[in-house]
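These notes are about the structure you will find just below.
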Amino acid sequence: MKIKTQFAAAAAILALAGAAEAQQRDQIRIVGSSTVFPFSTAAAESFGAKTQFSTPVVESTGSGGGLRLFCAGVGTEHPDIANASRRMKASEYELCQSNGVREITEVRIGFDGIVVGSANRAAEDLNLTLTQLWLALAAEVPADETCSEFVPNPNERWSDIDPSLPRQRIEVFGPPPTSGTRDAFVELGMQAGAAGIDCMAALHEADADRFENIASRIREDGRWIDAGENDNAIVQTLVNTPEAFGVFGYSFLDQNYDRLSGVSIDGVAPEFDAISDGSYPVSRSLFFYVKNQHAAIVPGLAEYVDEFTSEEAWGEFGYLTDRGLIPLAEDTRREIRERALALTAMDRAPE
């Protein structure tokens, strides 16, 4: 009852806002992450089926691209919600503020793992360390054990990194720079892998900016191939190229278990429980962001938030879990839902 009262009060307050003078749009517009896209689409379809509101339009533009659109301004020509497979950056928050998007509610929806997968069933038995992954995909690697000099990555086959790895060509299809999945992969996979080399760890201590620049750069010599924002396209490419690997969200592995296999990272397989408890090393939180100033001019915006954060949707046995979302703990869901229904705005840039 308390949550419903807060929800009604927030909607009533926002309905009186100056934004109400703008022309209304009868459909919610959602942009952003390809990883969050299937969850958002499922919530939109359920919302459209059970309410009097139109089914929201959901576009997969990538986290970075979606947040740029979201932060471009207030008014019906701009999106209402941005999905993101990583947290909003401080620079994006400042862009929103400078363009008048000053009332933003952040909703953390669950967990996802970033998978290195293949259509080759042998991938199930493959174990890569984060450092091996970095040595396969980095643009430059240390010339010697001192990291005083770096050279273009010479590794052409996985066995060039370690003789125990397959003697097949390094070929990895992954998301482009506008993707939140790529941002998270660089931070959690590439940078962590680089830090596993002693002299790179020392470089991080001595010059963090130089370390980040070297550790974050993905090679551009054809071993890594940007495959667009649509993770389903990466899945289809892997089916057609069984010797290649792909980088994508866990939900796409879960939905294609009959066609794809996930590689273990640092000895941990990309499985539901391992991502949920944090033991899988390349896991991250997923989000969406609500433009509160649109609640008065776009019918159903607050009600969509209600649908997405309902136990029927994001709960332990909800329909989003069936699609691969790894849910938050029950107490955490309750707290986030309460803030989301009240459309509680962020009061500072994300750290």
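Chain labels run A, B, ... following the order of the structure tokens; each chain numbers its residues from 1, and ligands are numbered from 1 in the order shown.
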
- DSSP on the backbone: what in range 63-108 of chain A comes out alpha helix (DSSP H), as JSON, numbers by chain? {"A": [63, 64, 65, 66, 67, 68, 69, 70, 90, 91, 92, 93, 94, 95, 96, 97, 98]}

- Just the residues within 9 Å of Asp226 in chain A, please, counting only C-alpha atoms, with nothing from its chain fewer than 3 positions along; format it as a count of residues only. 7

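Shortest atom-to-atom contact with Ile161 in chain A among A:Leu137, A:Cys96, A:Val57, A:Ala340: A:Leu137, counting only C-alpha atoms.
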
- Item | Nearby residues (only C-alpha atoms) at most 8 Å from range 129-132 of chain A, same-chain spacing under 5 positions excluded, as a ChimeraX atom specification | /A:161-162,189-190,192-197,265-267

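All residues within range 126-268 of chain A that the backbone DSSP calculation assigns to strand (DSSP E) are Asn127, Leu128, Glu140, Val141, Pro142, Phe150, Val151, Pro152, Val172, Phe173, Gly174, Trp224, Ile225, Asp226, Phe245, Gly246, Val247, Phe248, Gly249, Ser261, Gly262, Ser264 and Ile265 of chain A.
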
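Of the listed residues A:Arg348, A:Ala208, A:Ile109, A:Asn230, the one whose atoms come nearest to Arg334 in chain A is A:Ile109, with distances taken using only C-alpha atoms.
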
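Going from CA of Thr61 in chain A to CA of Glu92 in chain A covers 15.6 Å.
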
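Omitting range 39-45 of chain A and its sequence neighbours fewer than 4 positions away, and counting only C-alpha atoms, the residues within 9 Å are Ile30, Thr35, Ala49, Lys50, Thr55, Pro56, Val57, Val58, Glu59, Asn83, Tyr304, Glu307, Phe308, Ala313, Tyr319, Leu320, Thr321, Arg323, Gly324 and Leu325 of chain A.
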
For those residues, write C-alpha atoms to a file as a PDB file, in the first residue's frame.
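In the end it all went to result-v3.pdb:
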```pdb
ATOM      1  CA  ILE A  30      12.855   3.241 -25.264  1.00  0.00           C
ATOM      2  CA  THR A  35      21.656  -6.760 -23.896  1.00  0.00           C
ATOM      3  CA  ALA A  49      -1.255  -6.584 -23.291  1.00  0.00           C
ATOM      4  CA  LYS A  50      -2.484  -5.957 -19.763  1.00  0.00           C
ATOM      5  CA  THR A  55       2.895  -1.048 -26.362  1.00  0.00           C
ATOM      6  CA  PRO A  56       6.186   0.878 -26.024  1.00  0.00           C
ATOM      7  CA  VAL A  57       8.577   1.080 -28.954  1.00  0.00           C
ATOM      8  CA  VAL A  58      11.968  -0.424 -28.037  1.00  0.00           C
ATOM      9  CA  GLU A  59      15.085   0.230 -30.155  1.00  0.00           C
ATOM     10  CA  ASN A  83      18.533   0.895 -21.342  1.00  0.00           C
ATOM     11  CA  TYR A 304       5.734   0.804 -17.352  1.00  0.00           C
ATOM     12  CA  GLU A 307       5.414  -3.452 -14.749  1.00  0.00           C
ATOM     13  CA  PHE A 308       9.160  -3.927 -15.181  1.00  0.00           C
ATOM     14  CA  ALA A 313       8.580  -9.611 -14.357  1.00  0.00           C
ATOM     15  CA  TYR A 319       9.211 -13.916 -17.076  1.00  0.00           C
ATOM     16  CA  LEU A 320      12.431 -11.880 -17.446  1.00  0.00           C
ATOM     17  CA  THR A 321      14.356 -14.549 -15.529  1.00  0.00           C
ATOM     18  CA  ARG A 323      14.713 -14.943 -20.732  1.00  0.00           C
ATOM     19  CA  GLY A 324      18.096 -14.968 -18.997  1.00  0.00           C
ATOM     20  CA  LEU A 325      17.988 -12.026 -16.578  1.00  0.00           C
TER      21      LEU A 325
END
```

- Item | His294 in chain A surroundings by only C-alpha atoms, 8 Å radius, close-in-sequence under 4 positions cut, as a ChimeraX atom specification | /A:19,74-76,80,298,301

- Please provide as a PyMOL selection string all residues within 8 Å of Leu328 in chain A, with the sequence filter that same-chain residues fewer than 6 positions apart are discarded (counting only C-alpha atoms). chain A and resi 109-111+276

- Task: For Glu94 in chain A, please output as a PyMOL selection string all residues within 10 Å (counting only C-alpha atoms; exclusion window: fewer than 6 positions along the same chain).
- Result: chain A and resi 71+100-102+348-350

- Can you work out the spacing between CA of Glu303 in chain A and CA of Asn99 in chain A in Å, to one decimal? 25.5 Å

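Nearest to Gly262 in chain A of all the residues A:Ser33, A:Ser98, A:Ser118, A:Thr332 is A:Ser118, counting only C-alpha atoms.
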
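Distances from A:Asn153, A:Val247, A:Pro163, A:Gly113 to Ser279 in chain A were compared using only C-alpha atoms, and the smallest one belongs to A:Gly113.
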
With the cut-off set at 12 Å and counting only C-alpha atoms, tabulate each residue of range 189-283 of chain A with an atom at most that distance from an atom of range 179-183 of chain A, showing the nearest atom pair and its distance in Å to one decimal, ordered by chain and increasing number, as CSV.
```
residue,atom,partner,partner_atom,distance
A:Gly189,CA,A:Arg182,CA,9.7
A:Met190,CA,A:Asp183,CA,9.9
A:Gln191,CA,A:Asp183,CA,10.8
A:Ser216,CA,A:Asp183,CA,9.3
A:Arg217,CA,A:Asp183,CA,11.1
A:Ile218,CA,A:Arg182,CA,10.1
A:Trp224,CA,A:Arg182,CA,11.9
A:Asp226,CA,A:Arg182,CA,9.9
A:Ala227,CA,A:Ser179,CA,10.7
A:Gly228,CA,A:Ser179,CA,8.7
A:Glu229,CA,A:Ser179,CA,6.6
A:Asn230,CA,A:Ser179,CA,9.7
A:Asp231,CA,A:Thr181,CA,9.8
A:Gly246,CA,A:Arg182,CA,11.7
A:Val247,CA,A:Arg182,CA,8.4
A:Phe248,CA,A:Thr181,CA,7.0
A:Gly249,CA,A:Thr181,CA,7.2
A:Tyr250,CA,A:Thr181,CA,10.7
A:Val282,CA,A:Thr181,CA,10.5
A:Ser283,CA,A:Thr181,CA,10.2
```
